[in-house]
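Shown next: data.txt, containing compact mmCIF, C-alpha atoms and all ligand atoms.
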```txt
# COMPACT_ATOMS: atom_id res chain seq x y z
CA MET A 85 4.69 -4.56 -15.91
CA ASN A 86 1.85 -2.11 -16.33
CA ILE A 87 3.03 0.80 -18.46
CA LEU A 88 1.44 4.19 -19.06
CA LEU A 89 2.42 5.96 -22.29
CA LEU A 90 1.50 9.64 -22.62
CA GLY A 91 0.67 11.17 -26.00
CA SER A 92 -1.54 10.72 -29.03
CA GLY A 93 0.48 11.05 -32.22
CA GLY A 94 2.17 8.80 -34.72
CA ARG A 95 5.23 8.75 -32.48
CA GLU A 96 3.19 7.30 -29.63
CA SER A 97 1.62 4.74 -32.00
CA ALA A 98 5.09 3.55 -32.96
CA LEU A 99 6.30 3.49 -29.35
CA ALA A 100 3.17 1.57 -28.32
CA TRP A 101 3.66 -0.90 -31.18
CA LYS A 102 7.24 -1.56 -30.11
CA MET A 103 6.55 -1.64 -26.37
CA SER A 104 3.59 -4.01 -26.73
CA GLN A 105 5.95 -6.61 -28.23
CA SER A 106 8.04 -6.73 -25.06
CA PRO A 107 7.64 -9.78 -22.82
CA LEU A 108 8.00 -7.34 -19.92
CA CYS A 109 4.85 -5.46 -20.90
CA SER A 110 1.76 -7.08 -19.42
CA ALA A 111 -0.58 -4.11 -19.78
CA LEU A 112 -0.15 -0.93 -21.78
CA PHE A 113 -2.28 2.19 -21.34
CA ILE A 114 -2.08 5.11 -23.73
CA ALA A 115 -3.32 8.52 -22.62
CA PRO A 116 -5.09 9.81 -24.57
CA GLY A 117 -4.03 7.69 -27.57
CA ASN A 118 -5.76 7.89 -30.95
CA GLY A 119 -8.06 5.92 -33.26
CA GLY A 120 -5.42 3.23 -33.79
CA THR A 121 -3.58 2.81 -30.51
CA GLU A 122 -6.11 0.35 -29.06
CA ALA A 123 -4.41 -2.25 -31.24
CA TYR A 124 -1.55 -2.15 -28.70
CA GLY A 125 -3.22 -1.37 -25.39
CA ARG A 126 -6.07 0.54 -23.79
CA ASN A 127 -6.75 4.20 -24.50
CA VAL A 128 -7.39 6.35 -21.45
CA ALA A 129 -9.18 9.69 -21.84
CA MET A 130 -6.69 11.71 -19.81
CA SER A 131 -4.56 14.72 -20.68
CA PRO A 132 -0.77 14.30 -20.36
CA LEU A 133 -0.85 17.69 -18.61
CA ASP A 134 -3.32 16.65 -15.91
CA PHE A 135 -0.76 15.57 -13.33
CA GLU A 136 -3.31 14.89 -10.57
CA ALA A 137 -5.32 12.59 -12.83
CA ILE A 138 -2.16 10.79 -13.93
CA ASP A 139 -1.13 10.31 -10.32
CA LYS A 140 -4.52 8.80 -9.47
CA PHE A 141 -4.43 6.57 -12.55
CA VAL A 142 -0.97 5.30 -11.57
CA ALA A 143 -2.24 4.36 -8.10
CA ASP A 144 -5.52 2.81 -9.28
CA ASN A 145 -3.93 0.72 -12.02
CA GLY A 146 -0.64 -0.33 -10.44
CA ILE A 147 1.42 1.45 -13.08
CA ASP A 148 5.09 0.40 -12.95
CA MET A 149 6.53 2.87 -15.46
CA ILE A 150 5.52 6.07 -17.26
CA VAL A 151 6.84 6.84 -20.74
CA VAL A 152 6.36 10.44 -21.83
CA GLY A 153 5.96 10.85 -25.60
CA ASN A 154 5.80 14.63 -26.02
CA GLU A 155 7.67 17.54 -24.51
CA ASP A 156 4.86 19.58 -22.95
CA PRO A 157 4.41 17.50 -19.78
CA LEU A 158 8.19 17.34 -19.31
CA VAL A 159 8.65 21.09 -19.62
CA ALA A 160 5.68 21.53 -17.27
CA GLY A 161 7.39 19.32 -14.68
CA LEU A 162 5.60 15.95 -14.78
CA THR A 163 8.75 14.01 -13.89
CA ASP A 164 9.41 16.25 -10.87
CA PHE A 165 5.77 15.89 -9.80
CA MET A 166 5.97 12.09 -9.99
CA ALA A 167 9.30 12.00 -8.13
CA GLU A 168 7.58 13.83 -5.31
CA HIS A 169 4.28 11.91 -5.30
CA ARG A 170 5.49 8.45 -6.37
CA PRO A 171 9.15 8.26 -5.35
CA GLY A 172 10.97 5.48 -7.17
CA LEU A 173 8.43 5.17 -10.00
CA PRO A 174 10.45 4.93 -13.23
CA VAL A 175 9.62 7.78 -15.61
CA VAL A 176 11.15 7.93 -19.10
CA GLY A 177 11.64 11.65 -19.68
CA PRO A 178 13.71 14.29 -17.90
CA ARG A 179 12.76 16.57 -15.05
CA LYS A 180 12.02 20.21 -15.77
CA ALA A 181 15.69 21.21 -15.41
CA GLY A 182 16.68 18.82 -18.24
CA ALA A 183 13.57 19.57 -20.32
CA MET A 184 14.84 23.16 -20.55
CA LEU A 185 17.10 21.89 -23.36
CA GLU A 186 13.93 22.06 -25.45
CA GLY A 187 11.89 24.49 -23.34
CA SER A 188 14.36 27.34 -23.75
CA LYS A 189 16.56 27.82 -26.80
CA ASP A 190 18.62 30.37 -24.87
CA PHE A 191 19.29 27.76 -22.17
CA ALA A 192 20.19 25.16 -24.81
CA LYS A 193 22.62 27.50 -26.57
CA GLN A 194 24.26 28.48 -23.28
CA PHE A 195 24.58 24.78 -22.40
CA MET A 196 26.30 24.07 -25.72
CA VAL A 197 28.70 26.98 -25.34
CA ASN A 198 29.54 25.96 -21.74
CA HIS A 199 30.33 22.40 -22.79
CA GLY A 200 32.09 23.11 -26.08
CA ILE A 201 29.41 21.51 -28.25
CA PRO A 202 29.50 22.74 -31.87
CA THR A 203 26.56 24.99 -32.73
CA ALA A 204 25.88 28.22 -34.64
CA ARG A 205 27.18 31.49 -33.14
CA TYR A 206 24.34 33.30 -31.39
CA ARG A 207 23.12 36.00 -29.03
CA SER A 208 19.83 36.41 -27.15
CA PHE A 209 17.76 39.58 -26.87
CA THR A 210 14.72 40.89 -25.01
CA ALA A 211 12.52 43.98 -25.48
CA GLU A 212 15.09 46.02 -23.49
CA THR A 213 17.94 45.05 -25.82
CA VAL A 214 16.13 45.19 -29.16
CA ASP A 215 18.51 47.84 -30.55
CA ASP A 216 21.49 45.62 -29.72
CA GLY A 217 19.64 42.84 -31.52
CA CYS A 218 19.35 44.97 -34.65
CA ARG A 219 23.07 45.76 -34.48
CA PHE A 220 23.86 42.05 -34.09
CA LEU A 221 21.79 41.30 -37.19
CA GLU A 222 23.92 43.85 -39.08
CA GLU A 223 27.05 41.87 -38.10
CA LEU A 224 25.63 38.66 -39.57
CA GLU A 225 25.13 37.70 -43.17
CA ALA A 226 21.80 36.79 -44.75
CA PRO A 227 19.77 34.71 -44.28
CA TYR A 228 18.95 35.65 -40.69
CA VAL A 229 17.76 33.02 -38.20
CA LEU A 230 15.45 34.23 -35.41
CA LYS A 231 14.12 31.82 -32.79
CA ALA A 232 11.52 32.29 -30.10
CA ASP A 233 13.15 31.15 -26.86
CA GLY A 234 10.23 29.08 -25.58
CA LEU A 235 8.00 26.32 -26.93
CA ALA A 236 6.03 27.48 -29.97
CA ALA A 237 4.63 24.22 -31.38
CA GLY A 238 7.44 24.03 -33.94
CA LYS A 239 6.55 27.42 -35.42
CA GLY A 240 8.91 29.70 -33.50
CA VAL A 241 11.79 29.79 -35.99
CA LEU A 242 11.91 32.43 -38.74
CA ILE A 243 14.52 32.42 -41.51
CA ILE A 244 14.56 35.75 -43.33
CA ASP A 245 16.62 36.87 -46.34
CA ASN A 246 16.33 40.63 -45.99
CA LEU A 247 18.01 42.63 -43.17
CA ASP A 248 15.22 45.19 -42.72
CA GLU A 249 12.60 42.47 -42.63
CA ALA A 250 14.68 40.58 -40.09
CA LYS A 251 14.84 43.67 -37.85
CA GLN A 252 11.10 44.13 -38.21
CA ALA A 253 10.50 40.46 -37.35
CA LEU A 254 12.73 40.79 -34.28
CA ARG A 255 10.60 43.71 -33.05
CA GLU A 256 7.39 41.77 -33.72
CA MET A 257 8.64 38.65 -32.00
CA LEU A 258 9.72 40.60 -28.92
CA GLY A 259 6.37 42.39 -29.08
CA GLY A 260 4.53 39.08 -28.57
CA MET A 261 4.27 37.36 -31.97
CA PHE A 262 4.55 34.01 -30.18
CA GLY A 263 3.18 35.22 -26.86
CA LYS A 264 5.48 34.68 -23.90
CA SER A 265 7.57 32.22 -25.92
CA SER A 266 9.18 35.06 -27.85
CA ALA A 267 9.79 37.43 -24.91
CA THR A 268 13.40 36.35 -25.49
CA VAL A 269 14.65 35.81 -29.04
CA VAL A 270 17.78 33.92 -30.05
CA ILE A 271 19.45 35.24 -33.18
CA GLU A 272 21.98 32.93 -34.73
CA GLU A 273 24.25 32.47 -37.68
CA PHE A 274 22.74 30.55 -40.60
CA LEU A 275 24.31 27.15 -41.18
CA SER A 276 24.26 25.58 -44.59
CA GLY A 277 24.11 21.82 -44.88
CA ILE A 278 21.89 18.76 -44.72
CA GLU A 279 20.06 17.83 -41.52
CA CYS A 280 19.58 14.57 -39.66
CA SER A 281 18.14 13.45 -36.33
CA VAL A 282 20.13 11.49 -33.78
CA PHE A 283 18.42 9.98 -30.74
CA VAL A 284 20.11 9.04 -27.50
CA LEU A 285 18.66 7.15 -24.53
CA THR A 286 20.49 8.11 -21.35
CA ASP A 287 20.30 7.02 -17.71
CA GLY A 288 21.48 10.18 -15.92
CA HIS A 289 24.66 8.48 -14.73
CA GLY A 290 26.79 8.61 -17.86
CA GLY A 291 25.26 5.55 -19.56
CA TYR A 292 23.76 6.09 -22.99
CA ARG A 293 22.78 4.24 -26.17
CA ILE A 294 22.49 5.78 -29.61
CA LEU A 295 19.37 4.81 -31.58
CA PRO A 296 19.22 4.50 -35.38
CA VAL A 297 19.87 7.82 -37.12
CA ALA A 298 17.04 9.27 -39.24
CA LYS A 299 16.21 12.12 -41.58
CA ASP A 300 12.84 13.78 -41.65
CA TYR A 301 11.12 15.81 -44.34
CA LYS A 302 9.68 18.94 -42.76
CA ARG A 303 8.25 20.95 -45.66
CA ILE A 304 4.76 20.35 -47.03
CA GLY A 305 5.79 20.42 -50.71
CA GLU A 306 7.87 18.09 -52.83
CA GLY A 307 11.48 19.15 -53.29
CA ASP A 308 11.40 20.63 -49.75
CA THR A 309 9.22 23.59 -50.67
CA GLY A 310 6.38 25.41 -48.92
CA LEU A 311 5.51 25.68 -45.26
CA ASN A 312 7.10 23.75 -42.43
CA THR A 313 5.03 20.89 -41.00
CA GLY A 314 5.47 18.52 -38.08
CA GLY A 315 7.12 16.19 -40.58
CA MET A 316 5.93 14.48 -43.78
CA GLY A 317 8.07 11.37 -43.68
CA ALA A 318 11.38 9.96 -42.52
CA VAL A 319 14.04 7.49 -43.52
CA SER A 320 16.63 5.51 -41.55
CA PRO A 321 19.55 4.97 -41.97
CA VAL A 322 20.84 8.20 -43.51
CA ASN A 323 23.58 7.55 -46.03
CA PHE A 324 25.61 10.73 -45.36
CA ALA A 325 25.63 9.94 -41.62
CA ASP A 326 28.31 7.32 -42.17
CA GLU A 327 30.60 5.75 -39.61
CA GLU A 328 33.04 8.63 -39.58
CA PHE A 329 30.32 11.26 -39.23
CA MET A 330 28.66 9.29 -36.41
CA ARG A 331 32.00 8.93 -34.65
CA LYS A 332 32.29 12.73 -34.67
CA VAL A 333 28.70 13.02 -33.46
CA GLU A 334 29.40 10.71 -30.54
CA GLU A 335 32.72 12.31 -29.56
CA ARG A 336 31.84 15.96 -30.06
CA ILE A 337 28.14 16.02 -29.27
CA VAL A 338 26.64 12.96 -27.57
CA ARG A 339 29.32 12.47 -24.92
CA PRO A 340 29.75 16.16 -24.04
CA THR A 341 25.95 16.47 -23.80
CA VAL A 342 25.53 13.49 -21.48
CA GLU A 343 28.55 14.54 -19.38
CA GLY A 344 27.56 18.21 -19.46
CA LEU A 345 24.18 17.37 -17.96
CA ILE A 346 25.87 15.51 -15.13
CA LYS A 347 28.37 18.34 -14.54
CA ASP A 348 25.47 20.78 -14.35
CA GLY A 349 23.75 18.58 -11.76
CA ILE A 350 20.90 17.63 -14.11
CA ASP A 351 19.68 14.06 -13.63
CA TYR A 352 18.46 13.34 -17.16
CA ARG A 353 16.81 9.97 -17.76
CA GLY A 354 15.13 9.59 -21.09
CA PHE A 355 15.54 10.39 -24.76
CA ILE A 356 17.62 13.27 -26.08
CA PHE A 357 16.90 14.25 -29.68
CA LEU A 358 19.80 15.97 -31.41
CA GLY A 359 18.71 17.97 -34.44
CA LEU A 360 22.00 18.04 -36.35
CA ILE A 361 23.30 19.63 -39.49
CA ASN A 362 26.18 18.28 -41.53
CA VAL A 363 28.29 21.28 -42.50
CA LYS A 364 30.88 19.95 -44.97
CA GLY A 365 31.24 16.70 -43.02
CA GLU A 366 31.26 18.36 -39.57
CA PRO A 367 28.21 17.82 -37.33
CA MET A 368 26.73 20.84 -35.54
CA VAL A 369 23.68 21.07 -33.30
CA ILE A 370 20.66 22.98 -34.61
CA GLU A 371 18.46 22.11 -31.65
CA TYR A 372 17.84 19.75 -28.77
CA ASN A 373 14.51 18.11 -28.07
CA VAL A 374 13.79 16.10 -24.95
CA ARG A 375 11.72 13.37 -26.58
CA MET A 376 11.75 11.23 -29.70
CA GLY A 377 11.05 12.79 -33.09
CA ASP A 378 7.79 12.52 -34.96
CA PRO A 379 7.77 11.03 -37.64
CA GLU A 380 11.34 9.74 -37.17
CA THR A 381 10.16 7.35 -34.42
CA GLU A 382 7.79 5.69 -36.89
CA ALA A 383 10.86 4.64 -38.92
CA VAL A 384 13.41 4.20 -36.13
CA MET A 385 11.30 1.72 -34.12
CA LEU A 386 11.36 -0.69 -37.06
CA ARG A 387 15.14 -0.89 -36.84
CA ILE A 388 15.50 -1.60 -33.12
CA ASP A 389 15.86 -5.34 -32.56
CA SER A 390 16.33 -5.12 -28.77
CA ASP A 391 13.56 -4.97 -26.19
CA LEU A 392 12.92 -1.23 -25.86
CA VAL A 393 10.97 -1.62 -22.60
CA ASP A 394 13.97 -3.31 -21.01
CA LEU A 395 16.23 -0.47 -22.16
CA MET A 396 13.84 2.32 -21.14
CA LEU A 397 13.28 0.78 -17.71
CA ALA A 398 17.03 0.53 -17.12
CA ALA A 399 17.50 4.16 -18.22
CA ALA A 400 14.66 5.36 -16.00
CA LYS A 401 16.14 3.47 -13.05
CA GLY A 402 19.46 5.21 -13.65
CA ASP A 403 21.59 2.32 -14.90
CA LEU A 404 21.69 1.13 -18.50
CA GLY A 405 24.48 -1.22 -17.40
CA SER A 406 25.59 -3.46 -20.24
CA LYS A 407 22.20 -3.61 -21.95
CA GLU A 408 22.50 -3.74 -25.69
CA MET A 409 20.73 -1.59 -28.27
CA ARG A 410 20.75 -3.95 -31.24
CA ILE A 411 20.05 -2.22 -34.54
CA SER A 412 18.88 -3.91 -37.70
CA PRO A 413 20.99 -3.31 -40.80
CA ARG A 414 17.77 -3.10 -42.87
CA ALA A 415 16.28 0.22 -43.97
CA ALA A 416 13.05 1.69 -42.65
CA VAL A 417 10.95 4.58 -43.92
CA THR A 418 7.69 6.26 -43.06
CA VAL A 419 5.38 8.27 -45.34
CA MET A 420 2.80 10.55 -43.73
CA THR A 421 -0.65 11.16 -45.14
CA VAL A 422 -2.11 14.52 -44.15
CA SER A 423 -5.41 16.37 -44.42
CA GLU A 424 -5.87 18.89 -47.23
CA GLY A 425 -5.04 22.40 -46.01
CA TYR A 426 -2.42 21.19 -43.50
CA PRO A 427 -0.26 22.83 -42.07
CA GLY A 428 -2.90 25.57 -42.26
CA SER A 429 -6.48 24.88 -41.24
CA TYR A 430 -7.95 21.55 -42.34
CA PRO A 431 -11.24 19.67 -42.07
CA LYS A 432 -11.80 16.99 -39.43
CA GLY A 433 -14.18 14.06 -39.13
CA ARG A 434 -13.67 12.60 -42.60
CA ALA A 435 -14.15 8.84 -42.87
CA ILE A 436 -10.99 6.79 -43.39
CA THR A 437 -10.74 3.43 -45.14
CA LEU A 438 -7.67 1.30 -44.62
CA PRO A 439 -6.42 -1.76 -46.49
CA GLU A 440 -7.44 -4.94 -44.67
CA THR A 441 -3.99 -6.46 -44.59
CA THR A 442 -0.39 -5.48 -45.12
CA ASP A 443 2.72 -7.63 -45.34
CA ASP A 444 4.84 -8.19 -42.21
CA ASP A 445 7.28 -5.46 -43.18
CA THR A 446 4.62 -2.77 -43.56
CA ILE A 447 2.93 -1.12 -40.60
CA ILE A 448 0.19 1.47 -40.52
CA PHE A 449 0.58 3.95 -37.63
CA HIS A 450 -2.27 6.26 -36.73
CA ALA A 451 -1.54 9.90 -35.87
CA GLY A 452 -4.54 12.26 -36.13
CA THR A 453 -7.36 9.71 -36.12
CA ALA A 454 -10.33 9.10 -33.84
CA ARG A 455 -13.45 6.95 -33.65
CA ASP A 456 -16.76 8.76 -34.05
CA ALA A 457 -19.90 7.88 -32.05
CA GLN A 458 -20.60 4.97 -34.43
CA GLY A 459 -17.07 3.63 -34.09
CA GLN A 460 -16.14 4.72 -37.63
CA LEU A 461 -12.51 5.75 -38.05
CA VAL A 462 -12.28 9.45 -38.93
CA THR A 463 -9.63 12.12 -39.39
CA SER A 464 -9.00 14.28 -36.32
CA GLY A 465 -5.68 15.98 -37.06
CA GLY A 466 -3.48 17.45 -39.77
CA ARG A 467 -1.14 14.48 -39.89
CA VAL A 468 -3.54 11.56 -40.17
CA ILE A 469 -1.86 8.21 -40.74
CA THR A 470 1.67 7.19 -41.60
CA VAL A 471 2.82 4.05 -43.35
CA SER A 472 6.12 2.61 -42.20
CA ALA A 473 7.97 -0.10 -44.04
CA ARG A 474 11.17 -2.10 -43.77
CA GLY A 475 13.20 -3.31 -46.70
CA ASP A 476 16.62 -4.59 -47.65
CA ASN A 477 17.44 -1.06 -48.76
CA GLU A 478 15.77 2.34 -48.78
CA ALA A 479 14.30 1.98 -52.27
CA ASP A 480 12.71 -1.34 -51.37
CA ALA A 481 11.25 0.07 -48.13
CA LEU A 482 9.91 3.14 -49.96
CA GLU A 483 8.21 1.02 -52.57
CA ARG A 484 6.40 -0.98 -49.92
CA ALA A 485 5.35 2.12 -48.00
CA PHE A 486 3.99 3.92 -51.07
CA ARG A 487 2.09 0.80 -52.16
CA THR A 488 0.11 0.89 -48.91
CA VAL A 489 -0.20 4.69 -48.81
CA GLU A 490 -2.07 4.45 -52.13
CA LYS A 491 -4.59 2.10 -50.51
CA ILE A 492 -5.45 4.47 -47.64
CA ASP A 493 -8.49 6.48 -48.47
CA PHE A 494 -9.96 9.66 -47.01
CA GLN A 495 -11.24 12.76 -48.75
CA GLY A 496 -8.46 15.33 -49.26
CA LYS A 497 -5.57 12.92 -48.57
CA TYR A 498 -2.14 14.36 -49.44
CA PHE A 499 1.38 12.96 -49.10
CA ARG A 500 4.83 13.67 -50.49
CA ARG A 501 5.94 11.26 -53.21
CA ASP A 502 9.59 12.30 -52.91
CA ILE A 503 10.38 11.09 -49.38
CA GLY A 504 13.94 9.72 -49.37
CA ARG A 505 14.57 10.62 -52.98
CA ASP A 506 17.28 13.19 -52.14
CA LEU A 507 19.26 10.50 -50.33
CA LEU A 508 18.86 7.94 -53.12
CA SER A 509 20.37 10.47 -55.51
CA ARG A 510 23.39 10.88 -53.20
CA LEU A 511 24.27 7.17 -53.52
P1 LIG B 601 14.48 24.39 -34.87
O1 LIG B 601 13.06 24.53 -34.37
O2 LIG B 601 15.50 25.06 -34.03
O3 LIG B 601 14.80 22.97 -35.24
O4 LIG B 601 14.48 25.11 -36.29
C1 LIG B 601 13.60 24.70 -37.32
C2 LIG B 601 14.35 24.54 -38.60
O5 LIG B 601 14.95 25.76 -38.97
C3 LIG B 601 15.51 23.55 -38.52
O6 LIG B 601 15.12 22.24 -38.70
C4 LIG B 601 16.39 24.04 -39.64
O7 LIG B 601 15.93 23.56 -40.88
C5 LIG B 601 16.19 25.53 -39.60
N1 LIG B 601 17.27 26.16 -38.83
C6 LIG B 601 17.27 26.42 -37.51
N2 LIG B 601 18.43 27.00 -37.13
C7 LIG B 601 19.18 27.12 -38.23
C8 LIG B 601 20.48 27.64 -38.50
N3 LIG B 601 21.24 28.18 -37.54
N4 LIG B 601 20.93 27.58 -39.77
C9 LIG B 601 20.18 27.04 -40.74
N5 LIG B 601 18.95 26.55 -40.56
C10 LIG B 601 18.44 26.58 -39.32
N1 LIG B 602 10.45 15.61 -36.64
C1 LIG B 602 10.89 16.68 -35.85
C2 LIG B 602 10.35 16.73 -34.49
O1 LIG B 602 9.80 15.77 -33.97
O2 LIG B 602 10.50 17.75 -33.84
```

Whole structure, structure tokens version:
Amino acid sequence: MNILLLGSGGRESALAWKMSQSPLCSALFIAPGNGGTEAYGRNVAMSPLDFEAIDKFVADNGIDMIVVGNEDPLVAGLTDFMAEHRPGLPVVGPRKAGAMLEGSKDFAKQFMVNHGIPTARYRSFTAETVDDGCRFLEELEAPYVLKADGLAAGKGVLIIDNLDEAKQALREMLGGMFGKSSATVVIEEFLSGIECSVFVLTDGHGGYRILPVAKDYKRIGEGDTGLNTGGMGAVSPVNFADEEFMRKVEERIVRPTVEGLIKDGIDYRGFIFLGLINVKGEPMVIEYNVRMGDPETEAVMLRIDSDLVDLMLAAAKGDLGSKEMRISPRAAVTVMTVSEGYPGSYPKGRAITLPETTDDDTIIFHAGTARDAQGQLVTSGGRVITVSARGDNEADALERAFRTVEKIDFQGKYFRRDIGRDLLSRL
């Protein structure tokens, strides 16, 4: 098969790495890819949002399946566009109606309420109902959680301790703090607990498989301090997400989500990312995403023993049948190196040196890298390169990953040395 993968981050590097190992994959194209993805296929200078160009590329190159890495094209309707222009072409990623689970927090909350899926109590407000919003804040206890309804590049959630500041933030959000994305604001109850990420591959007809569970580390600073980032590292498995917890997740969240989509007439074929919080042993949904997580994917892919292309193709065709998702009992981790200044502004174009070899259980995934005119590998993003490693346990995997992280060199490199440490101390 000829496969087109859309995206350019560490997540897409890990997907490309895994997909390129499939006997079903004869040619892999990554659009636009990054400075490392040519190790798995051919980079194509094409935006995932340029539907016309994608359509032409599919025709010219005999593409048999499209895998969408990030949410933007899905929310913009790529899957609907392809269904119209290339009927029958398998696309991994939901149509616009399903992508609303990530594209609108108000929609996602309503969906959860309709289908009895546990989530924080909430209400939504617009500029017309701002006074009601302030009254609702008064009913809640601090801290206050305010979320821009639409996509805001991961920045649209504010958690505020003080009531007056929360009211002020509500007014500012509705006044355009996040542009159109915050024309509606969801205010919800604060949930206290520890978070994890659960990924589900579903075929739109009730079939689903649960991927390895992971935990990511969102803050820039050690000990989970400082600004939120795209993610500084991840580990899988997650020791508190034990069998009993995962049974609750499947019964109370995964199944009602998959069945709820069908009941609502939404044909969802692709990955569902459940951002969960463990509140005293009970799983609740913090958010849905309609794609895999980044950097969770860079750990999760190392634990999938089955052929992912085979599974994705079956899901995209609408029938996962009896296909197995075999998961390795070994641990996997990923540690992200970032540019100094990230998640604020950061320099680009700095030369990167990588170790020449790694052992078989250690993989370097590029995220924000590019090749300059001379072919030299340079930094091109905030999150630059991540090192993933497998081991017999989490500590072993972490040791391998950090050993290689130390050997990656670019000016201003930063990484968190405490990835996974909170879980080790829970053992
Ligand atoms: P989201 O973009 O919805 O995932 O929110 C970003 C982060 O804000 C989450 O990963 C949580 O750490 C935090 N968060 C969101 N909603 C809540 C909530 N209701 N209670 C506590 N923390 C939350
Ligand atoms: N790691 C969180 C995300 O991908 O949204």

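The smallest atom-to-atom distance between Pro202 of chain A and any of A:His450, A:Lys432, A:Lys332, A:Arg375, using all atoms listed in the file, is found for A:Lys332.
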
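The shortest atom-to-atom distance to ligand LIG 601 (chain B), with only C-alpha atoms and all ligand atoms taken into account, belongs to A:Asp245 out of A:Glu483, A:Glu136, A:Glu490, A:Asp245.
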
Residue nearest Ile411 of chain A among A:Ile294, A:Asp502, A:Glu225, A:Gly117 (counting all atoms listed in the file):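 Closest candidate: A:Ile294.
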
Residue nearest ligand LIG 602 (chain B) among A:Asp300, A:Glu424, A:Glu366, A:Asp164 (counting all atoms listed in the file):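 Using all atoms listed in the file, the shortest distance to ligand LIG 602 (chain B) belongs to A:Asp300.
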
Distance query 9 Å from (8.3, 26.9, -23.8) using all atoms listed in the file, result as an MDAnalysis selection string: chainID A and resid 156 159:160 184 186:189 232:237 264:265

Around ligand LIG 602 (chain B), which protein and nucleic acid residues have at least one atom no more than 10 Å from it, if we count only C-alpha atoms and all ligand atoms? List them as a compact mmCIF listing (two decimals) with C-alpha atoms, keeping the file's coordinate frame.
```txt
# COMPACT_ATOMS: atom_id res chain seq x y z
CA ARG A 95 5.23 8.75 -32.48
CA ASN A 154 5.80 14.63 -26.02
CA GLU A 155 7.67 17.54 -24.51
CA ALA A 237 4.63 24.22 -31.38
CA GLY A 238 7.44 24.03 -33.94
CA CYS A 280 19.58 14.57 -39.66
CA SER A 281 18.14 13.45 -36.33
CA ALA A 298 17.04 9.27 -39.24
CA LYS A 299 16.21 12.12 -41.58
CA ASP A 300 12.84 13.78 -41.65
CA TYR A 301 11.12 15.81 -44.34
CA LYS A 302 9.68 18.94 -42.76
CA THR A 313 5.03 20.89 -41.00
CA GLY A 314 5.47 18.52 -38.08
CA GLY A 315 7.12 16.19 -40.58
CA MET A 316 5.93 14.48 -43.78
CA GLY A 317 8.07 11.37 -43.68
CA ALA A 318 11.38 9.96 -42.52
CA PHE A 357 16.90 14.25 -29.68
CA LEU A 358 19.80 15.97 -31.41
CA GLY A 359 18.71 17.97 -34.44
CA GLU A 371 18.46 22.11 -31.65
CA TYR A 372 17.84 19.75 -28.77
CA ASN A 373 14.51 18.11 -28.07
CA VAL A 374 13.79 16.10 -24.95
CA ARG A 375 11.72 13.37 -26.58
CA MET A 376 11.75 11.23 -29.70
CA GLY A 377 11.05 12.79 -33.09
CA ASP A 378 7.79 12.52 -34.96
CA PRO A 379 7.77 11.03 -37.64
CA GLU A 380 11.34 9.74 -37.17
CA THR A 381 10.16 7.35 -34.42
```
